[in-house]
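Note sheet for the following structure.
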Amino acid sequence: ASIFANVEMAPRDPILGLTEAFKDDTRAEKVNLGVGVYQDDNGKIPLLECVKAAEKARVEAGLPRGYQPIEGAAAYNAAVQNLLFGDDAELVKSGRVITFETLGGTGALKVGGDYLRRLYPEAKLYISDPSWENHRAVFENAGFTVETYAYYDPATRGANFPAMKAALEALPAHSVVVLHACCHNPTGADISESQWGEVVEACRKNDLIPFLDIAYQGFADGPEQDTAAVRMFADSGMQFLVASSFSKNFSLYGERVGALSIVTENKEEAARVLSQVKRVIRTNYSNPPTHGGAVVTAVLNSPELRKQWEGELAAMRQRILDMRHSLVDKLKAAGVEQDFSFITEQRGMFSYTGLTPEHVERMRDEFGIYAVKSGRICLAALNSRNVDYVAKAIATVVS
Ligand code: PMP
């Protein structure tokens, strides 16, 4: 018999599975609101002009393709630190932060998870309720028992901050807490800056291990503004981890460009932690790929390309915001009585719309519109040609 004869079929990834079903749908007017990818008004994933320019220069330079260091390129890691903590951040200058170039934000979460699991084998890990589907899977795969802390309030379509705070305050010391630094996925509901201050305080009081995930830096208010939570943790003097990603804000999804940054107590401690995390990486994928990180570094370190990037990022951010307003206006115009204005309050690519699994099923069956069963939709998949159709479909299924 085949050595694979007894292998069972694994369940489809809930979101990628949706894309497969979407591809098989033959209706011309179909819309995929399931995936978390930014598309322009033509429904295309953009190749940013700043990226195009940096890639052209890189190809023309005709560089050899040697191995990178285990932790990735020093220039890339420095650029990531500046973007996360600010150009003259004290904790960077004092050598307390170490950064690793990783395979996207997912790679950063996995490397950080593997390391923390070795360091605190008794600790449990907590994600928000709800959270990005892959959070649970990645951290369980790292060996953690994954539980949730209260976060979303379906009644207000926002965060239930008192419940979140109470949950964090009840966690035992050295619990790992995964926090969405901005643009919460899947709900789109963020907490305020003063509430972040209380989160920092709860983490400090309880000796928690904060693991910040920032996958949408620049999609809420701007690349600098969106680091508010990261910088509050930095100012607190605590130790913490940050997983960051350039998948969305550079539209470099398939290049797998991310970073894990670890804030330690001092330079000497940083060197010890660095040596251990390098072992985690070396025994996993050895060292990261070159191209995507080199392109991002070139853009961030060139004043002109960086300005161009900030402009292109602002345009993506603004287009999503326009689509949020457009959808809400069109729902109102279609005579929907329910107030959907919360969609314009939520940030990032997603909205928890409150659509039920039955609504979602009808949208798919009757209109060829694909959304996640939880009612999560990706606003970045809406455009001037399909927003009327989507609004009409929602209006039909909710009335
Ligand atoms: N964290 C969150 C919350 C995300 O939504 C995503 C992307 N969907 C990631 C991490 C990982 O992003 P990447 O594609 O860079 O691995």
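Scheme for the structure tokens: letters A, B, ... for chains in order shown; per-chain residue numbers from 1; ligand numbers from 1 in order shown.
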
Write out as a compact mmCIF listing (two decimals) with C-alpha atoms, in the first residue's frame the set of residues from region 97-325 of chain A that DSSP, computed on the backbone, places in helix (DSSP H, G or I).
# COMPACT_ATOMS: atom_id res chain seq x y z
CA GLY A 104 5.83 37.96 6.37
CA GLY A 105 3.99 38.81 9.55
CA THR A 106 3.00 35.15 9.83
CA GLY A 107 6.66 34.15 9.95
CA ALA A 108 7.27 36.71 12.69
CA LEU A 109 4.40 35.30 14.75
CA LYS A 110 5.71 31.76 14.31
CA VAL A 111 9.35 32.58 15.19
CA GLY A 112 8.20 34.64 18.19
CA GLY A 113 5.77 31.87 19.22
CA ASP A 114 8.40 29.14 18.95
CA TYR A 115 10.82 31.17 21.02
CA LEU A 116 8.34 32.11 23.76
CA ARG A 117 7.18 28.53 23.97
CA ARG A 118 10.76 27.42 24.77
CA LEU A 119 11.24 30.26 27.23
CA GLU A 133 -8.14 32.75 12.17
CA ASN A 134 -4.47 31.94 11.71
CA HIS A 135 -3.48 33.32 15.14
CA ARG A 136 -4.90 30.32 16.93
CA ALA A 137 -3.49 27.86 14.40
CA VAL A 138 0.03 29.34 14.31
CA PHE A 139 0.38 29.47 18.08
CA GLU A 140 -1.15 26.03 18.62
CA ASN A 141 1.33 24.78 16.07
CA PHE A 161 -13.18 47.70 26.53
CA PRO A 162 -14.28 47.13 30.15
CA ALA A 163 -14.58 43.39 29.42
CA MET A 164 -11.23 43.33 27.67
CA LYS A 165 -9.51 45.10 30.52
CA ALA A 166 -11.10 42.84 33.14
CA ALA A 167 -9.99 39.79 31.17
CA LEU A 168 -6.39 41.00 30.93
CA GLU A 169 -6.33 41.87 34.62
CA GLU A 193 -5.29 55.71 22.75
CA SER A 194 -6.29 56.23 26.37
CA GLN A 195 -7.60 52.66 26.47
CA TRP A 196 -4.23 51.47 25.13
CA GLY A 197 -2.69 53.22 28.12
CA GLU A 198 -4.85 51.04 30.37
CA VAL A 199 -3.87 47.91 28.43
CA VAL A 200 -0.18 48.73 28.91
CA GLU A 201 -0.83 49.23 32.61
CA ALA A 202 -2.72 45.92 32.94
CA CYS A 203 0.12 44.09 31.16
CA ARG A 204 2.71 45.68 33.42
CA LYS A 205 0.77 45.06 36.63
CA GLN A 225 -0.05 57.50 13.77
CA ASP A 226 -0.78 53.76 13.63
CA THR A 227 2.21 52.97 15.86
CA ALA A 228 0.61 54.71 18.86
CA ALA A 229 0.12 51.42 20.73
CA VAL A 230 3.63 50.17 19.90
CA ARG A 231 5.15 53.41 21.14
CA MET A 232 3.14 53.38 24.35
CA PHE A 233 4.56 49.95 25.12
CA ALA A 234 8.01 51.29 24.18
CA ASP A 235 7.62 54.23 26.55
CA SER A 236 6.51 51.93 29.38
CA TYR A 253 1.97 39.91 -0.30
CA GLY A 254 3.74 37.13 -2.18
CA GLU A 255 7.26 38.39 -1.47
CA LYS A 267 21.90 45.72 25.39
CA GLU A 268 23.56 42.79 27.09
CA GLU A 269 20.23 40.96 27.46
CA ALA A 270 19.44 41.78 23.83
CA ALA A 271 22.60 39.94 22.72
CA ARG A 272 21.61 36.81 24.65
CA VAL A 273 18.04 36.80 23.31
CA LEU A 274 19.36 37.42 19.79
CA SER A 275 21.56 34.35 20.00
CA GLN A 276 18.62 32.15 21.05
CA VAL A 277 16.15 33.41 18.46
CA LYS A 278 18.80 32.86 15.78
CA ARG A 279 18.80 29.18 16.76
CA VAL A 280 15.03 29.02 16.33
CA ILE A 281 15.36 30.48 12.83
CA ARG A 282 18.44 28.48 11.81
CA HIS A 291 14.35 40.50 -2.61
CA GLY A 292 11.30 41.91 -0.82
CA GLY A 293 13.26 43.22 2.14
CA ALA A 294 15.85 44.87 -0.11
CA VAL A 295 13.08 46.64 -2.04
CA VAL A 296 11.40 47.89 1.14
CA THR A 297 14.74 49.09 2.53
CA ALA A 298 15.54 50.97 -0.68
CA VAL A 299 12.16 52.71 -0.59
CA LEU A 300 12.30 53.63 3.09
CA ASN A 301 15.89 54.91 2.86
CA PRO A 303 13.70 60.42 0.62
CA GLU A 304 11.93 60.57 -2.78
CA LEU A 305 10.74 56.96 -2.84
CA ARG A 306 9.64 57.16 0.76
CA LYS A 307 7.54 60.23 0.00
CA GLN A 308 6.05 58.40 -2.94
CA TRP A 309 5.28 55.40 -0.72
CA GLU A 310 3.55 57.57 1.84
CA GLY A 311 1.42 59.05 -0.95
CA GLU A 312 0.53 55.67 -2.42
CA LEU A 313 -0.27 54.30 1.04
CA ALA A 314 -2.47 57.34 1.76
CA ALA A 315 -4.33 56.69 -1.49
CA MET A 316 -5.04 53.08 -0.49
CA ARG A 317 -6.18 54.19 2.96
CA GLN A 318 -8.42 56.89 1.49
CA ARG A 319 -9.98 54.58 -1.08
CA ILE A 320 -11.01 52.12 1.63
CA LEU A 321 -12.48 54.95 3.68
CA ASP A 322 -14.39 56.20 0.62
CA MET A 323 -15.79 52.69 0.10
CA ARG A 324 -16.89 52.53 3.74
CA HIS A 325 -18.84 55.77 3.29

| message | Which residues are near ligand 1 in this structure, taking near to mean any atom at most 7 Å from a ligand atom and counting only C-alpha atoms and all ligand atoms? Format them as a ChimeraX atom specification. | response | /A:36,103-107,132,180,184-185,213-215,245-247,253,256-258

| query | What residues in region 46-106 of chain A get the DSSP label strand (DSSP E or B)? Please answer as a list in words. | reply | Val97, Ile98, Thr99, Phe100, Glu101, Thr102 and Leu103 of chain A

| Nearby residues (only C-alpha atoms) at most 10 Å from region 18-24 of chain A, same-chain spacing under 4 positions excluded, as a list of chain:residue names |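 My list of contacting residues is A:Arg12, A:Asp13, A:Pro14, A:Lys30, A:Val31, A:Asn32, A:Leu33, A:Gly34, A:Val35, A:Arg364, A:Gly368, A:Ile369, A:Tyr370, A:Ala371, A:Val372, A:Lys373.
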
Restricting the output to N, CA and C atoms, write the selected residues as a compact mmCIF listing (two decimals), in the first residue's frame.
# COMPACT_ATOMS: atom_id res chain seq x y z
N ARG A 12 -10.59 22.53 4.45
CA ARG A 12 -10.10 23.69 3.71
C ARG A 12 -9.85 24.85 4.66
N ASP A 13 -8.85 25.68 4.35
CA ASP A 13 -8.69 26.94 5.08
C ASP A 13 -9.98 27.75 4.84
N PRO A 14 -10.60 28.27 5.93
CA PRO A 14 -11.92 28.89 5.76
C PRO A 14 -11.91 30.06 4.77
N LYS A 30 -20.01 38.36 -9.99
CA LYS A 30 -19.55 37.87 -8.69
C LYS A 30 -18.55 38.83 -8.03
N VAL A 31 -18.56 38.83 -6.69
CA VAL A 31 -17.65 39.69 -5.92
C VAL A 31 -17.08 38.88 -4.77
N ASN A 32 -15.77 38.95 -4.57
CA ASN A 32 -15.15 38.24 -3.45
C ASN A 32 -14.80 39.21 -2.33
N LEU A 33 -15.63 39.22 -1.30
CA LEU A 33 -15.37 40.10 -0.14
C LEU A 33 -14.67 39.33 0.97
N GLY A 34 -14.19 38.12 0.64
CA GLY A 34 -13.63 37.25 1.67
C GLY A 34 -12.17 37.50 1.98
N VAL A 35 -11.35 37.70 0.96
CA VAL A 35 -9.90 37.74 1.19
C VAL A 35 -9.44 39.08 1.77
N ARG A 364 -24.23 34.69 -1.29
CA ARG A 364 -23.45 33.84 -2.19
C ARG A 364 -24.37 33.17 -3.22
N GLY A 368 -23.83 35.78 -5.88
CA GLY A 368 -22.42 35.49 -6.21
C GLY A 368 -21.47 36.39 -5.43
N ILE A 369 -21.93 36.84 -4.24
CA ILE A 369 -21.07 37.67 -3.39
C ILE A 369 -20.57 36.81 -2.23
N TYR A 370 -19.26 36.70 -2.12
CA TYR A 370 -18.65 35.80 -1.15
C TYR A 370 -18.11 36.57 0.05
N ALA A 371 -18.60 36.24 1.25
CA ALA A 371 -18.08 36.84 2.48
C ALA A 371 -17.80 35.72 3.47
N VAL A 372 -17.03 36.01 4.51
CA VAL A 372 -16.74 35.01 5.53
C VAL A 372 -18.01 34.78 6.35
N LYS A 373 -18.23 33.55 6.76
CA LYS A 373 -19.46 33.17 7.46
C LYS A 373 -19.74 34.04 8.69

| field | Contact residues around Leu47 (chain A) with only C-alpha atoms at 10 Å, ignoring same-chain residues under 2 positions, as a ChimeraX atom specification | value | /A:44-45,49-52,250-252

| So, counting only C-alpha atoms, which residue among A:Asp88, A:Glu101, A:Asp207, A:Glu345 is closest to Val328 (chain A)? |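 Distance minimum relative to Val328 (chain A) lands on A:Glu345.
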
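Using only C-alpha atoms, the nearest neighbour of Asp221 (chain A) within the list A:Gly17, A:Gly72, A:Gly143, A:Gly348 is A:Gly348.
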
| said: Between CA of Pro210 (chain A) and CA of Gln81 (chain A), what is the distance in Å, rounded to a tenth? | reply: 17.4 Å

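Interatomic distance, CA of Val178 (chain A) to CA of Asn206 (chain A): 14.7 Å.
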
| query | So which residues touch Ser94 (chain A) within 9 Å, counting only C-alpha atoms, skipping near sequence neighbours fewer than 4 positions away, as a PyMOL selection string? | reply | chain A and resi 89-90+266-267

| What is the distance between CA of Gln346 (chain A) and CA of Ala79 (chain A), in Å to one decimal? | 28.9 Å

| query | Residues at most 9 Å from Lys124 (chain A), counting only C-alpha atoms, excluding those fewer than 2 positions away in the same chain, as number ranges by chain? | reply | A: 120-122, 126, 144-147, 174-177

Hey, can you spit out that residue selection with C-alpha atoms as a short mmCIF file (atom, residue, chain, number, x, y, z; two decimals), in the first residue's frame?
data_model
loop_
_atom_site.label_atom_id
_atom_site.label_comp_id
_atom_site.auth_asym_id
_atom_site.auth_seq_id
_atom_site.Cartn_x
_atom_site.Cartn_y
_atom_site.Cartn_z
CA TYR A 120 7.92 29.82 29.09
CA PRO A 121 6.73 26.24 28.48
CA GLU A 122 4.04 26.54 31.17
CA TYR A 126 -4.36 34.57 24.71
CA PHE A 144 0.73 26.75 23.02
CA THR A 145 -2.63 26.23 24.59
CA VAL A 146 -4.50 29.13 23.02
CA GLU A 147 -7.38 30.82 24.83
CA HIS A 174 3.78 35.42 32.10
CA SER A 175 0.71 34.75 30.02
CA VAL A 176 1.37 35.71 26.41
CA VAL A 177 -1.17 38.26 25.12
#

Write out as a PDB file with C-alpha atoms, in the first residue's frame each polymer residue whose atoms come within 8 Å of region 391-394 of chain A, counting only C-alpha atoms; drop sequence neighbours fewer than 6 positions from it.
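part.pdb, freshly written:
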ATOM      1  CA  LEU A 327     -21.484  51.434   1.140  1.00  0.00           C
ATOM      2  CA  LYS A 330     -26.003  53.215  -0.633  1.00  0.00           C
ATOM      3  CA  LEU A 331     -27.505  50.991   2.043  1.00  0.00           C
ATOM      4  CA  ALA A 334     -31.709  51.349  -0.720  1.00  0.00           C
ATOM      5  CA  HIS A 359     -27.371  36.315   5.180  1.00  0.00           C
ATOM      6  CA  MET A 363     -25.530  36.643  -0.732  1.00  0.00           C
ATOM      7  CA  PHE A 367     -25.815  37.223  -5.884  1.00  0.00           C
TER       8      PHE A 367
END
